[in-house]
$ cat upload32.cif   # mmCIF, C-alpha atoms
data_target
#
loop_
_atom_site.label_atom_id
_atom_site.label_comp_id
_atom_site.auth_asym_id
_atom_site.auth_seq_id
_atom_site.Cartn_x
_atom_site.Cartn_y
_atom_site.Cartn_z
CA MET A 1 -22.97 -7.70 -2.91
CA LYS A 2 -20.75 -9.55 -5.34
CA LEU A 3 -16.99 -10.13 -5.14
CA ILE A 4 -15.23 -10.38 -8.49
CA ILE A 5 -12.12 -12.51 -8.24
CA SER A 6 -9.61 -14.55 -10.18
CA PRO A 7 -9.19 -18.08 -8.76
CA ARG A 8 -5.97 -18.58 -6.78
CA ALA A 9 -4.68 -15.00 -7.30
CA PRO A 10 -3.26 -13.68 -4.00
CA ASN A 11 -5.25 -10.47 -3.60
CA PRO A 12 -8.71 -11.99 -4.16
CA ARG A 13 -7.66 -14.74 -1.77
CA ARG A 14 -6.93 -12.13 0.92
CA VAL A 15 -10.50 -10.83 0.74
CA ARG A 16 -11.98 -14.34 0.66
CA MET A 17 -9.99 -15.33 3.74
CA PHE A 18 -11.10 -12.10 5.46
CA ILE A 19 -14.74 -12.92 4.63
CA ALA A 20 -14.30 -16.50 5.90
CA GLU A 21 -12.92 -15.20 9.22
CA LYS A 22 -15.96 -12.94 9.61
CA GLY A 23 -18.23 -15.92 9.05
CA ALA A 24 -21.93 -15.43 9.70
CA ALA A 25 -21.40 -11.82 10.78
CA LEU A 26 -21.40 -10.79 7.10
CA PRO A 27 -24.31 -11.08 4.68
CA GLU A 28 -23.91 -13.59 1.85
CA ILE A 29 -21.46 -12.34 -0.80
CA ALA A 30 -21.67 -13.95 -4.22
CA LEU A 31 -18.46 -14.76 -6.11
CA GLU A 32 -17.86 -14.11 -9.79
CA ALA A 33 -14.64 -15.32 -11.39
CA ILE A 34 -12.99 -13.64 -14.35
CA ASP A 35 -10.11 -15.04 -16.42
CA LEU A 36 -7.01 -12.82 -16.29
CA ALA A 37 -5.18 -14.98 -18.84
CA ARG A 38 -7.98 -14.24 -21.32
CA GLY A 39 -7.82 -10.53 -20.51
CA ASP A 40 -11.30 -10.20 -18.97
CA GLN A 41 -9.94 -7.46 -16.69
CA ARG A 42 -9.44 -5.20 -19.73
CA ALA A 43 -13.05 -5.54 -20.95
CA GLU A 44 -14.98 -2.26 -20.83
CA ALA A 45 -17.67 -3.73 -18.54
CA PHE A 46 -15.00 -4.61 -15.99
CA LYS A 47 -13.18 -1.29 -16.28
CA VAL A 48 -16.37 0.54 -15.31
CA LEU A 49 -16.05 -1.27 -11.96
CA ASN A 50 -12.27 -0.92 -11.70
CA PRO A 51 -10.42 1.22 -14.23
CA MET A 52 -7.15 -0.22 -12.87
CA SER A 53 -8.10 -3.60 -14.44
CA ARG A 54 -7.36 -5.52 -11.26
CA VAL A 55 -9.12 -7.99 -9.01
CA PRO A 56 -10.65 -8.17 -6.49
CA VAL A 57 -13.57 -5.77 -6.85
CA LEU A 58 -16.55 -5.69 -4.50
CA GLN A 59 -19.67 -4.65 -6.37
CA LEU A 60 -22.06 -3.05 -3.89
CA ASP A 61 -25.82 -3.48 -4.06
CA ASP A 62 -26.13 0.03 -5.54
CA GLY A 63 -23.85 -1.06 -8.40
CA ARG A 64 -20.70 0.82 -7.43
CA GLY A 65 -17.36 -0.98 -7.64
CA LEU A 66 -15.08 -0.87 -4.61
CA ALA A 67 -11.56 -1.96 -5.54
CA GLU A 68 -8.24 -2.32 -3.70
CA THR A 69 -7.99 -5.28 -1.34
CA ARG A 70 -7.46 -3.39 1.89
CA ALA A 71 -10.19 -0.84 1.11
CA ILE A 72 -12.63 -3.70 0.55
CA CYS A 73 -11.62 -5.11 3.95
CA THR A 74 -12.20 -1.70 5.58
CA TYR A 75 -15.73 -1.75 4.19
CA LEU A 76 -16.41 -5.34 5.30
CA GLU A 77 -14.99 -4.63 8.77
CA GLY A 78 -17.43 -1.74 9.01
CA LEU A 79 -20.34 -3.99 8.05
CA ALA A 80 -19.26 -6.73 10.48
CA PRO A 81 -16.99 -5.35 13.21
CA GLU A 82 -16.54 -8.72 14.96
CA PRO A 83 -14.46 -10.79 14.98
CA ASN A 84 -12.24 -7.70 14.82
CA LEU A 85 -9.39 -7.96 12.31
CA MET A 86 -8.25 -4.34 11.79
CA GLY A 87 -8.20 -2.75 15.26
CA ARG A 88 -10.78 -1.59 17.78
CA ASP A 89 -9.58 2.00 18.35
CA PHE A 90 -7.44 4.35 16.28
CA GLU A 91 -4.23 3.44 18.05
CA GLU A 92 -4.68 -0.27 17.49
CA ARG A 93 -5.90 0.40 13.94
CA ALA A 94 -2.70 2.35 13.22
CA PHE A 95 -0.34 -0.34 14.53
CA ILE A 96 -2.20 -3.13 12.71
CA GLU A 97 -2.13 -1.01 9.55
CA MET A 98 1.65 -0.63 9.96
CA ALA A 99 2.06 -4.40 10.24
CA ASP A 100 -0.31 -5.02 7.33
CA ARG A 101 1.50 -2.54 5.09
CA ARG A 102 4.85 -4.17 5.85
CA MET A 103 3.36 -7.49 4.82
CA GLU A 104 1.74 -6.03 1.72
CA ILE A 105 4.16 -3.44 0.36
CA THR A 106 7.46 -4.89 1.55
CA MET A 107 6.77 -8.64 1.55
CA LEU A 108 3.93 -9.36 -0.89
CA GLY A 109 5.11 -6.55 -3.20
CA THR A 110 8.57 -8.09 -3.37
CA ILE A 111 7.12 -11.57 -3.92
CA ALA A 112 4.88 -10.21 -6.68
CA ASN A 113 7.81 -8.57 -8.47
CA TRP A 114 9.89 -11.73 -8.08
CA ILE A 115 7.12 -13.83 -9.67
CA ARG A 116 5.67 -11.42 -12.22
CA HIS A 117 9.05 -10.48 -13.69
CA GLY A 118 10.48 -14.00 -13.56
CA HIS A 119 7.81 -16.65 -14.08
CA PRO A 120 6.97 -17.55 -17.70
CA GLY A 121 3.35 -18.15 -16.68
CA LEU A 122 2.97 -14.48 -15.75
CA ALA A 123 4.31 -13.07 -19.01
CA ASN A 124 0.79 -12.23 -20.17
CA LEU A 125 0.22 -10.06 -17.08
CA GLU A 126 3.59 -8.31 -16.82
CA GLN A 127 5.06 -6.83 -19.95
CA PRO A 128 7.94 -6.31 -20.31
CA GLN A 129 9.37 -8.79 -17.79
CA PHE A 130 12.82 -8.03 -16.32
CA PRO A 131 14.35 -11.36 -15.18
CA ALA A 132 17.36 -9.72 -13.50
CA PHE A 133 15.02 -7.48 -11.50
CA SER A 134 13.02 -10.59 -10.54
CA ALA A 135 16.17 -12.29 -9.24
CA SER A 136 17.14 -9.21 -7.25
CA GLN A 137 13.66 -9.09 -5.68
CA GLY A 138 13.94 -12.78 -4.77
CA GLN A 139 17.13 -11.93 -2.91
CA LYS A 140 15.54 -8.93 -1.17
CA LEU A 141 12.71 -11.12 0.09
CA ARG A 142 15.16 -12.62 2.59
CA GLY A 143 15.46 -9.31 4.39
CA ILE A 144 11.77 -9.12 5.30
CA THR A 145 11.25 -12.85 5.89
CA THR A 146 14.28 -13.00 8.21
CA TRP A 147 12.94 -10.01 10.16
CA LEU A 148 9.47 -11.55 10.29
CA ASP A 149 10.91 -14.86 11.54
CA GLY A 150 12.45 -12.93 14.45
CA GLU A 151 9.13 -11.23 15.23
CA LEU A 152 7.32 -14.57 15.25
CA ALA A 153 9.89 -15.92 17.71
CA LYS A 154 8.58 -13.28 20.15
CA GLN A 155 4.86 -13.12 19.39
CA PRO A 156 2.26 -15.57 18.00
CA PHE A 157 0.88 -13.36 15.21
CA VAL A 158 2.26 -10.85 12.73
CA ALA A 159 0.85 -7.79 14.50
CA GLY A 160 1.20 -9.14 18.05
CA GLU A 161 -0.96 -11.23 20.34
CA ARG A 162 -3.97 -11.84 18.15
CA PHE A 163 -4.89 -12.84 14.60
CA THR A 164 -5.43 -9.83 12.32
CA ILE A 165 -5.56 -8.78 8.69
CA ALA A 166 -1.74 -8.68 8.73
CA ASP A 167 -1.67 -12.47 9.13
CA ILE A 168 -4.00 -12.83 6.16
CA THR A 169 -1.81 -10.60 3.98
CA ALA A 170 1.37 -12.41 5.02
CA PHE A 171 -0.14 -15.86 4.58
CA CYS A 172 -1.60 -15.19 1.12
CA GLY A 173 1.68 -13.61 0.02
CA LEU A 174 3.77 -16.56 1.15
CA GLU A 175 1.28 -19.05 -0.35
CA PHE A 176 1.61 -17.25 -3.70
CA ALA A 177 5.39 -17.79 -3.49
CA ARG A 178 4.94 -21.40 -2.39
CA GLY A 179 2.61 -22.18 -5.28
CA LEU A 180 4.61 -20.63 -8.10
CA MET A 181 8.21 -20.58 -6.78
CA LYS A 182 8.14 -23.57 -4.35
CA TYR A 183 9.21 -21.11 -1.66
CA ARG A 184 9.24 -22.56 1.87
CA PRO A 185 10.62 -20.43 4.74
CA GLY A 186 11.75 -23.55 6.63
CA ASP A 187 14.12 -24.39 3.78
CA GLU A 188 16.00 -21.18 4.60
CA GLY A 189 16.10 -21.92 8.31
CA LEU A 190 13.17 -19.62 9.16
CA GLN A 191 11.53 -22.06 11.57
CA HIS A 192 9.36 -19.56 13.42
CA LEU A 193 7.89 -18.28 10.17
CA GLN A 194 7.33 -21.83 8.96
CA ALA A 195 5.62 -22.82 12.22
CA TRP A 196 3.38 -19.73 12.03
CA ARG A 197 2.53 -20.66 8.41
CA GLU A 198 1.43 -24.15 9.52
CA ARG A 199 -0.74 -22.67 12.29
CA ILE A 200 -2.44 -20.26 9.89
CA ALA A 201 -2.85 -22.97 7.23
CA ALA A 202 -4.82 -25.01 9.80
CA ARG A 203 -7.50 -22.30 10.14
CA PRO A 204 -10.64 -23.10 8.12
CA SER A 205 -10.39 -19.66 6.46
CA ALA A 206 -7.10 -20.70 4.82
CA GLN A 207 -9.06 -22.88 2.39
CA ALA A 208 -10.98 -19.92 0.98
CA GLY A 209 -9.57 -19.10 -2.44
CA ALA A 210 -6.78 -21.70 -2.19
CA MET B 211 5.57 13.13 19.82
CA LYS B 212 8.38 13.41 17.32
CA LEU B 213 8.31 12.85 13.57
CA ILE B 214 11.54 11.54 12.07
CA ILE B 215 11.91 12.58 8.46
CA SER B 216 14.31 13.09 5.61
CA PRO B 217 14.05 16.57 4.05
CA ARG B 218 12.26 16.61 0.70
CA ALA B 219 11.62 12.82 0.57
CA PRO B 220 8.06 12.19 -0.66
CA ASN B 221 6.73 10.00 2.16
CA PRO B 222 7.79 12.26 5.05
CA ARG B 223 6.34 15.14 3.06
CA ARG B 224 2.96 13.36 2.93
CA VAL B 225 2.82 13.23 6.73
CA ARG B 226 4.00 16.82 7.08
CA MET B 227 1.33 18.03 4.67
CA PHE B 228 -1.28 15.97 6.55
CA ILE B 229 -0.16 17.58 9.83
CA ALA B 230 -0.29 21.04 8.25
CA GLU B 231 -3.87 20.43 7.06
CA LYS B 232 -4.88 19.44 10.61
CA GLY B 233 -3.37 22.66 11.92
CA ALA B 234 -4.08 23.56 15.54
CA ALA B 235 -6.23 20.44 16.03
CA LEU B 236 -3.05 18.42 16.62
CA PRO B 237 -0.60 18.86 19.49
CA GLU B 238 2.84 20.17 18.58
CA ILE B 239 4.94 17.51 16.82
CA ALA B 240 8.72 18.01 16.81
CA LEU B 241 10.68 17.20 13.66
CA GLU B 242 13.98 15.32 13.57
CA ALA B 243 15.81 14.95 10.25
CA ILE B 244 18.09 12.04 9.40
CA ASP B 245 20.43 11.81 6.41
CA LEU B 246 19.56 8.92 4.11
CA ALA B 247 22.62 9.52 1.92
CA ARG B 248 24.81 9.00 4.99
CA GLY B 249 22.89 5.81 5.89
CA ASP B 250 21.38 7.06 9.18
CA GLN B 251 18.35 4.83 8.53
CA ARG B 252 20.53 1.74 8.95
CA ALA B 253 21.87 2.78 12.38
CA GLU B 254 20.79 0.45 15.18
CA ALA B 255 19.13 3.27 17.15
CA PHE B 256 16.92 4.03 14.14
CA LYS B 257 16.15 0.38 13.40
CA VAL B 258 14.72 -0.01 16.91
CA LEU B 259 12.10 2.53 15.84
CA ASN B 260 11.65 1.13 12.32
CA PRO B 261 13.38 -2.13 11.38
CA MET B 262 12.46 -1.44 7.75
CA SER B 263 15.00 1.45 7.76
CA ARG B 264 12.54 3.90 6.24
CA VAL B 265 11.20 7.34 7.00
CA PRO B 266 8.88 8.72 8.20
CA VAL B 267 8.55 7.34 11.73
CA LEU B 268 6.34 8.89 14.41
CA GLN B 269 7.85 8.33 17.85
CA LEU B 270 5.04 8.35 20.40
CA ASP B 271 5.40 9.83 23.87
CA ASP B 272 5.76 6.31 25.32
CA GLY B 273 8.77 5.74 23.05
CA ARG B 274 7.21 3.39 20.52
CA GLY B 275 7.89 3.93 16.83
CA LEU B 276 4.92 4.03 14.45
CA ALA B 277 6.09 3.67 10.86
CA GLU B 278 4.38 3.53 7.46
CA THR B 279 3.05 6.82 6.14
CA ARG B 280 -0.62 5.92 5.95
CA ALA B 281 -0.61 4.21 9.37
CA ILE B 282 0.84 7.40 10.89
CA CYS B 283 -1.97 9.37 9.23
CA THR B 284 -4.56 6.94 10.68
CA TYR B 285 -3.16 7.65 14.14
CA LEU B 286 -3.11 11.42 13.63
CA GLU B 287 -6.65 11.38 12.21
CA GLY B 288 -7.72 9.58 15.39
CA LEU B 289 -6.06 12.24 17.55
CA ALA B 290 -7.54 15.10 15.53
CA PRO B 291 -10.63 13.96 13.57
CA GLU B 292 -11.25 17.39 12.02
CA PRO B 293 -10.68 18.63 9.40
CA ASN B 294 -11.50 15.13 8.24
CA LEU B 295 -9.10 13.73 5.62
CA MET B 296 -9.73 9.96 5.66
CA GLY B 297 -13.50 9.53 5.82
CA ARG B 298 -16.24 10.01 8.42
CA ASP B 299 -17.87 6.57 8.31
CA PHE B 300 -16.68 3.18 7.13
CA GLU B 301 -18.14 3.54 3.67
CA GLU B 302 -16.46 6.87 3.05
CA ARG B 303 -13.27 5.57 4.66
CA ALA B 304 -13.23 2.62 2.26
CA PHE B 305 -13.72 4.72 -0.89
CA ILE B 306 -11.09 7.28 0.18
CA GLU B 307 -8.71 4.39 0.99
CA MET B 308 -9.30 3.01 -2.52
CA ALA B 309 -8.42 6.38 -4.05
CA ASP B 310 -5.42 6.81 -1.76
CA ARG B 311 -4.09 3.34 -2.57
CA ARG B 312 -4.38 4.02 -6.29
CA MET B 313 -2.35 7.17 -5.79
CA GLU B 314 0.20 5.42 -3.57
CA ILE B 315 0.64 1.94 -5.02
CA THR B 316 -0.12 2.60 -8.66
CA MET B 317 1.04 6.21 -9.12
CA LEU B 318 3.65 6.99 -6.46
CA GLY B 319 4.97 3.41 -6.55
CA THR B 320 5.52 3.69 -10.31
CA ILE B 321 7.13 7.11 -9.92
CA ALA B 322 9.40 5.74 -7.17
CA ASN B 323 10.55 2.83 -9.34
CA TRP B 324 11.10 5.19 -12.28
CA ILE B 325 13.29 7.45 -10.17
CA ARG B 326 15.02 4.94 -7.86
CA HIS B 327 16.07 2.64 -10.71
CA GLY B 328 17.00 5.40 -13.10
CA HIS B 329 18.34 8.48 -11.31
CA PRO B 330 22.09 8.49 -10.49
CA GLY B 331 21.38 10.43 -7.30
CA LEU B 332 19.35 7.52 -5.93
CA ALA B 333 22.01 4.84 -6.55
CA ASN B 334 22.91 4.84 -2.85
CA LEU B 335 19.31 3.98 -1.91
CA GLU B 336 18.48 1.43 -4.62
CA GLN B 337 20.99 -1.29 -5.35
CA PRO B 338 21.11 -2.77 -7.91
CA GLN B 339 19.45 -0.21 -10.20
CA PHE B 340 17.76 -1.52 -13.35
CA PRO B 341 17.64 1.37 -15.87
CA ALA B 342 15.51 -0.54 -18.40
CA PHE B 343 12.95 -1.25 -15.66
CA SER B 344 13.04 2.44 -14.76
CA ALA B 345 12.26 3.42 -18.34
CA SER B 346 9.40 0.92 -18.51
CA GLN B 347 7.93 2.35 -15.28
CA GLY B 348 8.19 5.88 -16.70
CA GLN B 349 6.11 4.68 -19.64
CA LYS B 350 3.56 2.99 -17.37
CA LEU B 351 3.08 6.21 -15.42
CA ARG B 352 1.10 7.55 -18.39
CA GLY B 353 -1.64 4.99 -17.82
CA ILE B 354 -2.47 6.22 -14.34
CA THR B 355 -1.89 9.93 -14.99
CA THR B 356 -4.10 9.82 -18.08
CA TRP B 357 -6.85 8.11 -16.08
CA LEU B 358 -6.43 10.62 -13.25
CA ASP B 359 -6.65 13.53 -15.68
CA GLY B 360 -10.03 12.18 -16.80
CA GLU B 361 -11.22 11.88 -13.18
CA LEU B 362 -10.18 15.47 -12.47
CA ALA B 363 -12.16 16.63 -15.50
CA LYS B 364 -15.26 15.36 -13.65
CA GLN B 365 -14.52 16.13 -10.01
CA PRO B 366 -12.43 18.73 -8.16
CA PHE B 367 -10.39 16.33 -5.98
CA VAL B 368 -8.83 12.90 -6.35
CA ALA B 369 -11.42 11.09 -4.22
CA GLY B 370 -14.39 13.24 -5.23
CA GLU B 371 -15.91 16.47 -4.00
CA ARG B 372 -13.58 17.33 -1.14
CA PHE B 373 -9.86 17.46 -0.29
CA THR B 374 -8.61 14.21 1.30
CA ILE B 375 -5.47 12.24 2.03
CA ALA B 376 -5.60 10.97 -1.57
CA ASP B 377 -4.84 14.51 -2.81
CA ILE B 378 -1.85 14.65 -0.47
CA THR B 379 -0.49 11.33 -1.73
CA ALA B 380 -0.99 12.28 -5.37
CA PHE B 381 0.50 15.74 -4.93
CA CYS B 382 3.62 14.56 -3.08
CA GLY B 383 4.14 11.79 -5.63
CA LEU B 384 3.90 14.17 -8.59
CA GLU B 385 6.14 16.73 -6.85
CA PHE B 386 8.78 14.01 -6.38
CA ALA B 387 8.66 13.39 -10.15
CA ARG B 388 8.73 17.13 -10.86
CA GLY B 389 11.77 17.68 -8.66
CA LEU B 390 13.93 14.83 -9.91
CA MET B 391 12.61 14.09 -13.42
CA LYS B 392 11.22 17.53 -14.40
CA TYR B 393 7.86 15.79 -14.92
CA ARG B 394 4.96 18.11 -15.66
CA PRO B 395 1.54 16.65 -16.54
CA GLY B 396 0.69 19.68 -18.69
CA ASP B 397 3.61 18.88 -20.98
CA GLU B 398 1.81 15.62 -21.87
CA GLY B 399 -1.50 17.38 -22.48
CA LEU B 400 -2.96 16.46 -19.07
CA GLN B 401 -4.48 19.87 -18.42
CA HIS B 402 -6.98 18.82 -15.74
CA LEU B 403 -4.23 17.14 -13.73
CA GLN B 404 -1.98 20.17 -14.16
CA ALA B 405 -4.75 22.56 -13.06
CA TRP B 406 -5.47 20.39 -10.00
CA ARG B 407 -1.73 20.42 -9.22
CA GLU B 408 -1.69 24.23 -9.26
CA ARG B 409 -4.76 24.40 -6.98
CA ILE B 410 -3.16 22.00 -4.46
CA ALA B 411 0.21 23.80 -4.66
CA ALA B 412 -1.58 27.00 -3.59
CA ARG B 413 -2.66 25.48 -0.27
CA PRO B 414 -0.44 26.56 2.64
CA SER B 415 0.10 22.87 3.55
CA ALA B 416 1.90 22.32 0.25
CA GLN B 417 4.90 24.19 1.66
CA ALA B 418 5.39 21.65 4.46
CA GLY B 419 8.37 19.48 3.62
CA ALA B 420 8.84 21.03 0.19
#

$ encode --input "upload32.cif" --output "structure tokens"
Amino acid sequence: MKLIISPRAPNPRRVRMFIAEKGAALPEIALEAIDLARGDQRAEAFKVLNPMSRVPVLQLDDGRGLAETRAICTYLEGLAPEPNLMGRDFEERAFIEMADRRMEITMLGTIANWIRHGHPGLANLEQPQFPAFSASQGQKLRGITTWLDGELAKQPFVAGERFTIADITAFCGLEFARGLMKYRPGDEGLQHLQAWRERIAARPSAQAGA
Amino acid sequence: MKLIISPRAPNPRRVRMFIAEKGAALPEIALEAIDLARGDQRAEAFKVLNPMSRVPVLQLDDGRGLAETRAICTYLEGLAPEPNLMGRDFEERAFIEMADRRMEITMLGTIANWIRHGHPGLANLEQPQFPAFSASQGQKLRGITTWLDGELAKQPFVAGERFTIADITAFCGLEFARGLMKYRPGDEGLQHLQAWRERIAARPSAQAGA
């Protein structure tokens, strides 16, 4: 298997951190980097693997391309069920999926719009950019981060009592905002979220794709 | 169990269509409608069930609220595994999840931005609206619908040879665009997508939540 990534992009980082948490339970997965700034994702050879022109893509040994971050994680969790990151039965799977989707669609999605429509360095990926929309998304981010701060005052991890894929999604999303927008939850008084961030950043898997 | 919905909204409709496809395999699920225009989703009693203030929410018999459309479907698929809509093993689950995410994040997400930022009737749900962003999203929709039309020239359903959750997501997304924006793939020459739409619309489950 081969994972096609772009260095430092948040979604490839999610899969790399997921793989690092699985450790030796997974077979070796080679990495291949493409250059989004150069437009590699629009090359025909890449679009055979993912017609959406996005990374990451997991190329299976039979040649097929499996795209979409969370779908790749579903596959890897099936290959290596432990340490479990997505739920052991359907009820736990559903509640972890709820938490993960909140982190992805509501938090990371808002961060991505904030950055892609507002940061000059992303102008080659998002055309046209709408700076006023970016600013509005930056404001909306406070709704979800404030809620998440309250959750993390009551429980150690995003989905509850144990580390799951939802922590990976949240961490990689917030690191994307930290890197490009100097966003730091503690600066807005979100101390529980900041403390959780420091705990997750101390895990060895947090270095994967950083 | 009780499903809290808003009539005709696309995400509650996805769960209702999923439930209708499962048929007698699922226990009876009561429906409760709230009024988004009146702001019911921001009432404290609702936010206990879903702090994101969104429908649908499945209230379990123990009182807990399970939100996020696809997470609700994961739970229901666990309760009633047949007819199977999300994959029988992890490999099939991963590829159906990839297809479903493309339909949700890339297609329905683009449709939702097109409508929510551009339609006067949605101004109470999306503030501020950015009409130029809406127009840009309407343009971008052609990328994914054109690709999907090509897929449906080669295979009968969105994820391949059989009906899955990805067909439900795609259908409810396109019906949302049809209802509010009079969008019809056939008008843009996308005959395979239009023919698929007519086949899905003929299923009894397509009436649920319409």

$ atom_distance --input "upload32.cif" --atom1 "CA of Ala202 (chain A)" --atom2 "CA of His119 (chain A)"
28.3 Å

$ atom_distance --input "upload32.cif" --atom1 "CA of Gly288 (chain B)" --atom2 "CA of Gln365 (chain B)"
27.1 Å

$ closest_residue --input "upload32.cif" --among "B:Gly370, B:Glu301, B:Pro338, B:Lys212" --to "Gly273 (chain B)" --atoms "only C-alpha atoms"
B:Lys212

$ resolve_selection --input "upload32.cif" --expression "the PyMOL selection byres ((chain A) within 7 of (chain B))" --output "ChimeraX atom specification"
/A:66-68,71-72,74-75,78,90-91,94-95,97-98,130,133

$ write_last_selection --input "upload32.cif" --atoms "C-alpha atoms" --output "JSON list (two decimals), keeping the file's coordinate frame"
[["chain", "number", "residue", "atom", "x", "y", "z"],
["A", 66, "LEU", "CA", -15.08, -0.87, -4.61],
["A", 67, "ALA", "CA", -11.56, -1.96, -5.54],
["A", 68, "GLU", "CA", -8.24, -2.32, -3.70],
["A", 71, "ALA", "CA", -10.19, -0.84, 1.11],
["A", 72, "ILE", "CA", -12.63, -3.70, 0.55],
["A", 74, "THR", "CA", -12.20, -1.70, 5.58],
["A", 75, "TYR", "CA", -15.73, -1.75, 4.19],
["A", 78, "GLY", "CA", -17.43, -1.74, 9.01],
["A", 90, "PHE", "CA", -7.44, 4.35, 16.28],
["A", 91, "GLU", "CA", -4.23, 3.44, 18.05],
["A", 94, "ALA", "CA", -2.70, 2.35, 13.22],
["A", 95, "PHE", "CA", -0.34, -0.34, 14.53],
["A", 97, "GLU", "CA", -2.13, -1.01, 9.55],
["A", 98, "MET", "CA", 1.65, -0.63, 9.96],
["A", 130, "PHE", "CA", 12.82, -8.03, -16.32],
["A", 133, "PHE", "CA", 15.02, -7.48, -11.50]]

$ resolve_selection --input "upload32.cif" --expression "the PyMOL selection byres ((chain B and resi 395-409) around 7)" --output "PyMOL selection string"
chain B and resi 356+358-359+362-363+381+393-394+410-412

$ atom_distance --input "upload32.cif" --atom1 "CA of Lys257 (chain B)" --atom2 "CA of Gln137 (chain A)"
21.4 Å

$ closest_residue --input "upload32.cif" --among "A:Gly118, A:Pro12, A:Gly23, A:Gly87" --to "Ala166 (chain A)" --atoms "all atoms listed in the file"
A:Gly87

$ axis_aligned_box --input "upload32.cif" --around "region 65-80 of chain A" --padding-each-side "4 Å" --output "JSON"
{"center_x": -13.9, "center_y": -3.8, "center_z": 1.4, "size_x": 20.9, "size_y": 13.9, "size_z": 26.1}

$ residues_around --input "upload32.cif" --residues "Ile378 (chain B)" --least-positions-apart "3" --cutoff "12 Å" --atoms "all atoms listed in the file" --output "ChimeraX atom specification"
/B:220-231,279-280,283,295-296,306,309-311,313-314,318,367-369,373-375,381-385,406-407,410-411,413,415-418

$ write_last_selection --input "upload32.cif" --atoms "C-alpha atoms" --output "compact mmCIF listing (two decimals), keeping the file's coordinate frame"
# COMPACT_ATOMS: atom_id res chain seq x y z
CA PRO B 220 8.06 12.19 -0.66
CA ASN B 221 6.73 10.00 2.16
CA PRO B 222 7.79 12.26 5.05
CA ARG B 223 6.34 15.14 3.06
CA ARG B 224 2.96 13.36 2.93
CA VAL B 225 2.82 13.23 6.73
CA ARG B 226 4.00 16.82 7.08
CA MET B 227 1.33 18.03 4.67
CA PHE B 228 -1.28 15.97 6.55
CA ILE B 229 -0.16 17.58 9.83
CA ALA B 230 -0.29 21.04 8.25
CA GLU B 231 -3.87 20.43 7.06
CA THR B 279 3.05 6.82 6.14
CA ARG B 280 -0.62 5.92 5.95
CA CYS B 283 -1.97 9.37 9.23
CA LEU B 295 -9.10 13.73 5.62
CA MET B 296 -9.73 9.96 5.66
CA ILE B 306 -11.09 7.28 0.18
CA ALA B 309 -8.42 6.38 -4.05
CA ASP B 310 -5.42 6.81 -1.76
CA ARG B 311 -4.09 3.34 -2.57
CA MET B 313 -2.35 7.17 -5.79
CA GLU B 314 0.20 5.42 -3.57
CA LEU B 318 3.65 6.99 -6.46
CA PHE B 367 -10.39 16.33 -5.98
CA VAL B 368 -8.83 12.90 -6.35
CA ALA B 369 -11.42 11.09 -4.22
CA PHE B 373 -9.86 17.46 -0.29
CA THR B 374 -8.61 14.21 1.30
CA ILE B 375 -5.47 12.24 2.03
CA PHE B 381 0.50 15.74 -4.93
CA CYS B 382 3.62 14.56 -3.08
CA GLY B 383 4.14 11.79 -5.63
CA LEU B 384 3.90 14.17 -8.59
CA GLU B 385 6.14 16.73 -6.85
CA TRP B 406 -5.47 20.39 -10.00
CA ARG B 407 -1.73 20.42 -9.22
CA ILE B 410 -3.16 22.00 -4.46
CA ALA B 411 0.21 23.80 -4.66
CA ARG B 413 -2.66 25.48 -0.27
CA SER B 415 0.10 22.87 3.55
CA ALA B 416 1.90 22.32 0.25
CA GLN B 417 4.90 24.19 1.66
CA ALA B 418 5.39 21.65 4.46

$ resolve_selection --input "upload32.cif" --expression "the PyMOL selection byres ((chain B and resi 266) around 6)" --output "ChimeraX atom specification"
/B:214-215,222,265,267

$ decode --input "upload32.cif" --residues "region 239-246 of chain B" --atoms "N, CA and C atoms" --output "tab-separated table (two decimals), in the first residue's frame"
chain	number	residue	atom	x	y	z
B	239	ILE	N	-40.05	3.97	14.66
B	239	ILE	CA	-39.36	5.19	15.10
B	239	ILE	C	-40.33	6.35	14.94
B	240	ALA	N	-40.69	6.98	16.07
B	240	ALA	CA	-41.62	8.11	16.02
B	240	ALA	C	-40.92	9.33	15.41
B	241	LEU	N	-41.70	10.18	14.78
B	241	LEU	CA	-41.16	11.43	14.22
B	241	LEU	C	-41.64	12.61	15.05
B	242	GLU	N	-40.75	13.57	15.27
B	242	GLU	CA	-41.16	14.84	15.90
B	242	GLU	C	-40.58	15.97	15.06
B	243	ALA	N	-41.44	16.86	14.59
B	243	ALA	CA	-40.98	17.96	13.74
B	243	ALA	C	-40.73	19.21	14.57
B	244	ILE	N	-39.63	19.90	14.29
B	244	ILE	CA	-39.43	21.24	14.87
B	244	ILE	C	-39.41	22.25	13.73
B	245	ASP	N	-39.57	23.52	14.09
B	245	ASP	CA	-39.69	24.59	13.09
B	245	ASP	C	-38.40	25.42	13.11
B	246	LEU	N	-37.59	25.21	12.07
B	246	LEU	CA	-36.30	25.93	12.02
B	246	LEU	C	-36.51	27.42	11.81
